[in-house]
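Just input_34.cif here, mmCIF, C-alpha atoms:
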data_target
#
loop_
_atom_site.label_atom_id
_atom_site.label_comp_id
_atom_site.auth_asym_id
_atom_site.auth_seq_id
_atom_site.Cartn_x
_atom_site.Cartn_y
_atom_site.Cartn_z
CA MET A 1 -4.50 31.51 7.85
CA PRO A 2 -1.55 32.65 5.71
CA HIS A 3 -0.33 30.54 2.83
CA ILE A 4 3.08 30.18 4.48
CA ILE A 5 3.67 29.61 8.20
CA THR A 6 7.28 29.74 9.31
CA LYS A 7 6.89 29.69 13.09
CA PHE A 8 5.99 26.31 14.56
CA GLU A 9 7.33 23.93 17.17
CA ARG A 10 9.72 21.25 15.94
CA ALA A 11 10.54 18.03 17.75
CA ASP A 12 13.48 18.27 20.15
CA PRO A 13 16.72 17.72 18.17
CA ALA A 14 17.92 15.26 20.82
CA ASP A 15 14.80 13.15 20.31
CA VAL A 16 15.23 13.28 16.53
CA LYS A 17 18.82 12.11 16.90
CA ALA A 18 17.74 9.28 19.19
CA LEU A 19 15.06 8.12 16.73
CA SER A 20 17.48 8.27 13.80
CA LYS A 21 19.27 5.17 15.11
CA PHE A 22 16.26 2.95 14.52
CA GLY A 23 14.64 1.47 11.45
CA SER A 24 11.19 2.55 10.35
CA ALA A 25 9.65 -0.83 11.17
CA THR A 26 11.11 -0.81 14.69
CA ILE A 27 9.69 2.64 15.41
CA HIS A 28 6.30 1.70 13.93
CA GLU A 29 6.04 -1.42 16.08
CA ALA A 30 7.43 0.25 19.21
CA GLN A 31 4.85 3.04 19.18
CA GLY A 32 1.94 0.63 18.95
CA ARG A 33 1.99 -0.11 15.23
CA SER A 34 1.07 3.46 14.38
CA GLY A 35 2.40 6.21 12.14
CA ALA A 36 3.29 4.15 9.08
CA LEU A 37 2.91 6.01 5.80
CA SER A 38 1.69 4.18 2.73
CA SER A 39 3.98 1.39 1.58
CA ARG A 40 3.67 2.85 -1.90
CA ILE A 41 6.05 5.67 -0.95
CA LYS A 42 9.61 4.38 -1.13
CA PRO A 43 13.15 5.80 -1.36
CA ILE A 44 14.62 6.17 -4.83
CA HIS A 45 17.63 4.18 -3.56
CA ARG A 46 17.56 1.43 -0.98
CA ASP A 47 20.44 2.90 1.07
CA MET A 48 18.68 6.20 1.71
CA ARG A 49 17.71 7.05 5.28
CA VAL A 50 16.07 10.17 6.67
CA CYS A 51 14.97 11.45 10.06
CA GLY A 52 13.90 14.97 10.90
CA PRO A 53 11.04 17.33 11.70
CA ALA A 54 8.36 17.61 9.02
CA PHE A 55 8.12 20.82 7.00
CA THR A 56 4.72 20.27 5.44
CA VAL A 57 3.48 21.36 2.03
CA VAL A 58 0.16 21.18 0.23
CA SER A 59 0.49 21.52 -3.54
CA ALA A 60 -1.85 21.07 -6.47
CA PRO A 61 -1.32 17.97 -8.61
CA ARG A 62 1.30 18.50 -11.33
CA ASP A 63 2.36 21.81 -9.76
CA ASN A 64 5.54 22.37 -7.75
CA LEU A 65 5.24 26.07 -6.91
CA MET A 66 4.68 25.44 -3.21
CA LEU A 67 7.46 22.85 -3.09
CA GLN A 68 9.89 25.45 -4.39
CA LEU A 69 8.70 27.91 -1.75
CA ALA A 70 9.09 25.24 0.92
CA ILE A 71 12.73 24.78 -0.05
CA HIS A 72 13.18 28.53 0.30
CA TYR A 73 11.69 28.69 3.80
CA ALA A 74 12.77 25.34 5.30
CA LYS A 75 15.61 25.15 7.81
CA ALA A 76 18.60 22.85 7.92
CA GLY A 77 17.57 19.43 9.22
CA ASP A 78 13.95 19.71 8.09
CA VAL A 79 12.27 16.99 6.05
CA ILE A 80 10.04 18.52 3.39
CA VAL A 81 6.83 16.49 3.18
CA VAL A 82 4.54 17.18 0.23
CA SER A 83 0.86 16.33 -0.07
CA GLY A 84 0.26 16.70 -3.79
CA GLY A 85 -2.89 14.72 -4.35
CA ALA A 86 -1.20 11.32 -4.74
CA TYR A 87 -0.58 12.22 -8.38
CA GLU A 88 1.94 9.80 -9.89
CA GLU A 89 2.17 11.13 -13.45
CA ALA A 90 4.42 14.14 -12.80
CA GLY A 91 8.05 14.58 -11.80
CA SER A 92 7.65 17.44 -9.35
CA PHE A 93 11.18 17.25 -7.95
CA GLY A 94 14.55 16.69 -9.63
CA ASP A 95 18.25 17.37 -9.46
CA VAL A 96 18.07 21.18 -9.70
CA LEU A 97 15.78 21.44 -6.66
CA GLY A 98 17.77 18.65 -5.05
CA ASN A 99 20.90 20.78 -5.19
CA ALA A 100 18.95 23.66 -3.65
CA CYS A 101 17.98 21.38 -0.76
CA VAL A 102 21.53 20.18 -0.18
CA ALA A 103 22.83 23.75 -0.22
CA LYS A 104 20.42 24.58 2.62
CA GLY A 105 21.10 21.44 4.64
CA ILE A 106 17.58 20.07 4.23
CA ALA A 107 17.52 16.50 5.52
CA GLY A 108 15.29 14.99 2.84
CA VAL A 109 12.17 15.18 0.70
CA VAL A 110 9.03 13.03 0.93
CA THR A 111 6.28 13.39 -1.65
CA ASP A 112 3.11 11.56 -2.61
CA THR A 113 3.81 12.49 -6.22
CA GLY A 114 6.57 11.61 -8.65
CA VAL A 115 10.20 12.67 -8.93
CA ARG A 116 12.74 12.53 -11.75
CA ASP A 117 16.51 12.83 -12.36
CA THR A 118 16.90 9.96 -9.93
CA GLN A 119 20.46 9.03 -10.90
CA GLU A 120 21.59 12.58 -10.23
CA LEU A 121 19.65 12.70 -6.95
CA ILE A 122 21.23 9.44 -5.85
CA ALA A 123 24.70 10.78 -6.65
CA LEU A 124 23.83 13.94 -4.74
CA GLY A 125 23.09 11.89 -1.63
CA LEU A 126 19.82 13.62 -0.76
CA PRO A 127 17.27 11.19 0.69
CA VAL A 128 14.19 11.31 -1.55
CA PHE A 129 11.04 9.25 -0.97
CA SER A 130 8.31 9.32 -3.61
CA LEU A 131 5.17 7.66 -4.87
CA SER A 132 6.61 7.26 -8.36
CA VAL A 133 9.39 8.13 -10.76
CA CYS A 134 8.08 10.13 -13.70
CA ILE A 135 9.76 12.29 -16.34
CA LYS A 136 6.69 14.46 -17.01
CA GLY A 137 7.09 18.13 -16.07
CA THR A 138 5.06 20.37 -13.79
CA VAL A 139 3.75 23.94 -13.72
CA LYS A 140 4.07 26.72 -11.16
CA GLU A 141 0.56 28.13 -11.01
CA THR A 142 -1.39 27.27 -7.87
CA LEU A 143 -0.98 28.52 -4.33
CA GLY A 144 -1.27 25.99 -1.55
CA GLN A 145 -0.19 25.96 2.08
CA ILE A 146 3.06 25.50 3.93
CA ASN A 147 3.13 24.20 7.50
CA GLY A 148 -0.44 23.30 8.13
CA ASP A 149 -1.61 19.79 8.96
CA ILE A 150 -1.50 17.59 5.85
CA ILE A 151 -2.71 14.13 4.89
CA VAL A 152 -0.33 11.85 3.01
CA GLU A 153 -1.94 8.62 1.84
CA GLY A 154 -4.33 8.63 4.81
CA GLU A 155 -1.85 9.62 7.52
CA THR A 156 -2.14 13.06 9.14
CA ILE A 157 1.20 14.82 9.55
CA ARG A 158 1.67 18.04 11.48
CA PRO A 159 4.56 20.46 11.01
CA GLY A 160 7.34 19.53 13.41
CA ASP A 161 6.35 15.87 13.78
CA VAL A 162 9.25 13.49 13.17
CA ILE A 163 9.54 11.68 9.85
CA CYS A 164 11.86 8.66 9.74
CA GLY A 165 12.45 6.57 6.64
CA ASP A 166 14.65 3.86 5.18
CA ALA A 167 14.48 1.09 2.59
CA ASP A 168 11.40 -0.41 4.26
CA GLY A 169 9.28 2.74 4.27
CA LEU A 170 8.35 5.81 6.29
CA VAL A 171 6.98 6.34 9.77
CA MET A 172 5.68 9.46 11.50
CA VAL A 173 6.17 10.13 15.21
CA ARG A 174 4.22 12.85 16.98
CA LYS A 175 6.70 15.47 18.22
CA GLU A 176 5.37 15.24 21.78
CA GLU A 177 5.83 11.45 21.69
CA ALA A 178 9.33 11.42 20.15
CA ALA A 179 11.27 10.81 23.37
CA ARG A 180 8.94 8.01 24.41
CA ALA A 181 9.06 6.44 20.94
CA ALA A 182 12.86 6.44 21.00
CA LYS A 183 12.88 4.77 24.44
CA LEU A 184 10.38 2.11 23.32
CA SER A 185 12.34 1.52 20.11
CA GLN A 186 15.51 0.87 22.09
CA GLU A 187 13.65 -1.55 24.35
CA ARG A 188 12.31 -3.37 21.30
CA GLU A 189 15.76 -3.63 19.74
CA ASP A 190 17.18 -4.99 23.01
CA THR A 191 14.43 -7.62 23.15
CA GLU A 192 14.97 -8.63 19.54
CA ALA A 193 18.72 -8.89 20.12
CA ASP A 194 18.00 -11.32 22.96
CA PHE A 195 15.76 -13.35 20.62
CA ILE A 196 18.51 -13.56 18.02
CA GLU A 197 21.06 -14.73 20.57
CA ALA A 198 18.61 -17.34 21.82
CA TYR A 199 18.12 -18.68 18.28
CA LYS A 200 21.87 -18.77 17.73
CA SER A 201 22.24 -20.79 20.93
CA GLY A 202 19.88 -23.45 19.59
CA ARG A 203 16.59 -22.56 21.24
CA THR A 204 13.45 -22.96 19.13
CA ILE A 205 10.91 -20.36 18.01
CA ILE A 206 8.14 -22.07 19.99
CA ASP A 207 10.29 -21.90 23.12
CA VAL A 208 11.61 -18.36 22.70
CA CYS A 209 8.22 -16.88 21.76
CA ASN A 210 6.30 -18.86 24.40
CA LEU A 211 3.98 -20.33 21.78
CA GLU A 212 3.35 -23.74 23.32
CA ALA A 213 0.33 -22.71 25.42
CA VAL A 214 -1.12 -20.61 22.60
CA LEU A 215 -0.85 -23.42 20.07
CA LYS A 216 -2.32 -25.93 22.52
CA ALA A 217 -5.30 -23.65 23.18
CA LYS A 218 -5.92 -23.33 19.44
CA GLY A 219 -5.81 -27.08 18.98
CA LEU A 220 -2.81 -27.23 16.66
CA THR A 221 -1.99 -30.72 15.46
CA THR A 222 1.09 -32.08 13.70
CA ASP A 223 2.19 -35.43 12.30
CA LEU A 224 5.08 -35.68 14.77
#
Produce structure tokens that represent the structure in this file.
Amino acid sequence: MPHIITKFERADPADVKALSKFGSATIHEAQGRSGALSSRIKPIHRDMRVCGPAFTVVSAPRDNLMLQLAIHYAKAGDVIVVSGGAYEEAGSFGDVLGNACVAKGIAGVVTDTGVRDTQELIALGLPVFSLSVCIKGTVKETLGQINGDIIVEGETIRPGDVICGDADGLVMVRKEEAARAAKLSQEREDTEADFIEAYKSGRTIIDVCNLEAVLKAKGLTTDL
């Protein structure tokens, strides 16, 4: 297998657009509580959102050679996802590479390592999700792989799968399941909107969520 694979199937752009309307938690719940990446990986600013096909990278800890090559080969709309050994004590991505991403139209960067120059990245408007923020530098020494299956904090991600993220975290959707996940996410949002309207109208949680029979079966007691 070559170090760099450029030809792979990405999720349908229409499905990516449909998923981009939903929050990460909604998508996670809608697709059967699956696909959530580690809660340790968070955006560097709470307003950042990302949704796009994964452009996967394996890099050695404290080495950003393959990340730089990924930026070179990625296409507009891709989300670069780096598996770098969950190494927190290195800033493998900063404002210089961030500008390179923006110039190419890359949708965002996700890494299980650290990043730096966060104020500049925030001003740049590039969505960046990382395991840590660290000022320590990296080297460019070790070859890895681009666009093979990777594991990020226990979750397997394939090139072209959809990565969606916001202030709450990140979720992965299999590219072949993207249309279904978007449909289920819309259904979940519609149901939750009905719940909210019911609460606003004065109905109780026990009533709306049909908890009375469940609580009776469990033998719940109160002092009422």
Query raised in the report: What residues come out when you apply the PyMOL selection byres ((chain A and resi 102) around 12) to this file, written as a ChimeraX atom specification?
Result: /A:71-72,74-79,95-101,103-109,121,123-128
Write a file of the selected residues as an mmCIF file, keeping the file's coordinate frame, keeping C-alpha atoms.
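To be explicit, this is the file written out as selection_12.cif:
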data_model
loop_
_atom_site.group_PDB
_atom_site.id
_atom_site.type_symbol
_atom_site.label_atom_id
_atom_site.label_comp_id
_atom_site.auth_asym_id
_atom_site.auth_seq_id
_atom_site.Cartn_x
_atom_site.Cartn_y
_atom_site.Cartn_z
ATOM 1 C CA ILE A 71 12.730 24.780 -0.050
ATOM 2 C CA HIS A 72 13.180 28.530 0.300
ATOM 3 C CA ALA A 74 12.770 25.340 5.300
ATOM 4 C CA LYS A 75 15.610 25.150 7.810
ATOM 5 C CA ALA A 76 18.600 22.850 7.920
ATOM 6 C CA GLY A 77 17.570 19.430 9.220
ATOM 7 C CA ASP A 78 13.950 19.710 8.090
ATOM 8 C CA VAL A 79 12.270 16.990 6.050
ATOM 9 C CA ASP A 95 18.250 17.370 -9.460
ATOM 10 C CA VAL A 96 18.070 21.180 -9.700
ATOM 11 C CA LEU A 97 15.780 21.440 -6.660
ATOM 12 C CA GLY A 98 17.770 18.650 -5.050
ATOM 13 C CA ASN A 99 20.900 20.780 -5.190
ATOM 14 C CA ALA A 100 18.950 23.660 -3.650
ATOM 15 C CA CYS A 101 17.980 21.380 -0.760
ATOM 16 C CA ALA A 103 22.830 23.750 -0.220
ATOM 17 C CA LYS A 104 20.420 24.580 2.620
ATOM 18 C CA GLY A 105 21.100 21.440 4.640
ATOM 19 C CA ILE A 106 17.580 20.070 4.230
ATOM 20 C CA ALA A 107 17.520 16.500 5.520
ATOM 21 C CA GLY A 108 15.290 14.990 2.840
ATOM 22 C CA VAL A 109 12.170 15.180 0.700
ATOM 23 C CA LEU A 121 19.650 12.700 -6.950
ATOM 24 C CA ALA A 123 24.700 10.780 -6.650
ATOM 25 C CA LEU A 124 23.830 13.940 -4.740
ATOM 26 C CA GLY A 125 23.090 11.890 -1.630
ATOM 27 C CA LEU A 126 19.820 13.620 -0.760
ATOM 28 C CA PRO A 127 17.270 11.190 0.690
ATOM 29 C CA VAL A 128 14.190 11.310 -1.550
#
Query - Within 6 Å of stretch 60-62 of chain A using all atoms listed in the file, minus same-chain residues under 4 positions, as an MDAnalysis selection string - result: chainID A and resid 84:85 87 90 138
Report summary line: If you count only C-alpha atoms, the residue of A:Lys42, A:Phe129, A:Gly160, A:Val152 closest to A:Pro13 turns out to be A:Gly160
Query - Which of A:Leu170, A:Leu69, A:Leu184, A:Val57 sits closest to A:Ala18 [using all atoms listed in the file] - result: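 Looking only at the distances to A:Ala18, the closest residue turns out to be A:Leu184.
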Just say which residues the PyMOL selection byres ((chain A and resi 12) around 9) picks in this file, as a PDB file with C-alpha atoms, in the frame of the given file.
ATOM      1  CA  GLU A   9       7.330  23.930  17.170  1.00  0.00           C
ATOM      2  CA  ARG A  10       9.720  21.250  15.940  1.00  0.00           C
ATOM      3  CA  ALA A  11      10.540  18.030  17.750  1.00  0.00           C
ATOM      4  CA  PRO A  13      16.720  17.720  18.170  1.00  0.00           C
ATOM      5  CA  ALA A  14      17.920  15.260  20.820  1.00  0.00           C
ATOM      6  CA  ASP A  15      14.800  13.150  20.310  1.00  0.00           C
ATOM      7  CA  VAL A  16      15.230  13.280  16.530  1.00  0.00           C
ATOM      8  CA  LYS A  17      18.820  12.110  16.900  1.00  0.00           C
ATOM      9  CA  PRO A  53      11.040  17.330  11.700  1.00  0.00           C
ATOM     10  CA  LYS A 175       6.700  15.470  18.220  1.00  0.00           C
ATOM     11  CA  GLU A 176       5.370  15.240  21.780  1.00  0.00           C
ATOM     12  CA  ALA A 178       9.330  11.420  20.150  1.00  0.00           C
ATOM     13  CA  ALA A 179      11.270  10.810  23.370  1.00  0.00           C
TER      14      ALA A 179
END
Requested in this report: Would you kindly return, as a ChimeraX atom specification, each protein, DNA or RNA residue with an atom no farther than 6 Å from any atom of A:Val133, considering only C-alpha atoms and excluding same-chain residues fewer than 5 positions away?
Outcome: /A:114-116
For the residues selected in the previous step, produce a file with C-alpha atoms as a short mmCIF file (atom, residue, chain, number, x, y, z; two decimals), keeping the file's coordinate frame.
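What landed in out-v7.cif:
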data_model
loop_
_atom_site.label_atom_id
_atom_site.label_comp_id
_atom_site.auth_asym_id
_atom_site.auth_seq_id
_atom_site.Cartn_x
_atom_site.Cartn_y
_atom_site.Cartn_z
CA GLY A 114 6.57 11.61 -8.65
CA VAL A 115 10.20 12.67 -8.93
CA ARG A 116 12.74 12.53 -11.75
#
Query - atom CA of A:Glu192 to atom CA of A:Ala36, straight-line distance in Å - result: 20.2 Å
Query raised in the report: So which residues get picked by the PyMOL selection byres ((chain A and resi 25) around 9) here, written as a list in words?
Result: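 Answer for the PyMOL selection byres ((chain A and resi 25) around 9): Phe22, Gly23, Ser24, Thr26, Ile27, His28, Glu29, Ala30, Arg33, Ala36, Asp168, Gly169, Leu170 and Val171 of chain A.
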Please save C-alpha atoms of the selected residues as a compact mmCIF listing (two decimals), in the coordinates of the input.
# COMPACT_ATOMS: atom_id res chain seq x y z
CA PHE A 22 16.26 2.95 14.52
CA GLY A 23 14.64 1.47 11.45
CA SER A 24 11.19 2.55 10.35
CA THR A 26 11.11 -0.81 14.69
CA ILE A 27 9.69 2.64 15.41
CA HIS A 28 6.30 1.70 13.93
CA GLU A 29 6.04 -1.42 16.08
CA ALA A 30 7.43 0.25 19.21
CA ARG A 33 1.99 -0.11 15.23
CA ALA A 36 3.29 4.15 9.08
CA ASP A 168 11.40 -0.41 4.26
CA GLY A 169 9.28 2.74 4.27
CA LEU A 170 8.35 5.81 6.29
CA VAL A 171 6.98 6.34 9.77
Query raised in the report: Smallest atom-to-atom distance to A:Met66: which of A:His45, A:Arg203, A:His3, A:Lys216, using all atoms listed in the file?
Result: A:His3
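Atom to atom, atom CA of A:Ser59 and atom CA of A:Glu120 stand 23.9 Å apart.
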Report summary line: atom CA of A:Gly32 to atom CA of A:Phe195 measures 19.7 Å
Query raised in the report: Using all atoms listed in the file, which of A:Gln31, A:Gly137, A:Ser130, A:Ser20 sits nearest A:Glu187?
Result: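 Closest residue, counting all atoms listed in the file: A:Gln31.
Distances from A:Lys183, A:Arg40, A:Arg158, A:Lys21 to A:Ser132 were compared using only C-alpha atoms, and the smallest one belongs to A:Arg40.
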Query raised in the report: Using only C-alpha atoms, which of the listed residues (A:Thr56, A:Thr6, A:Gln186, A:Ser83) sits closest to A:Gly154?
Result: A:Ser83
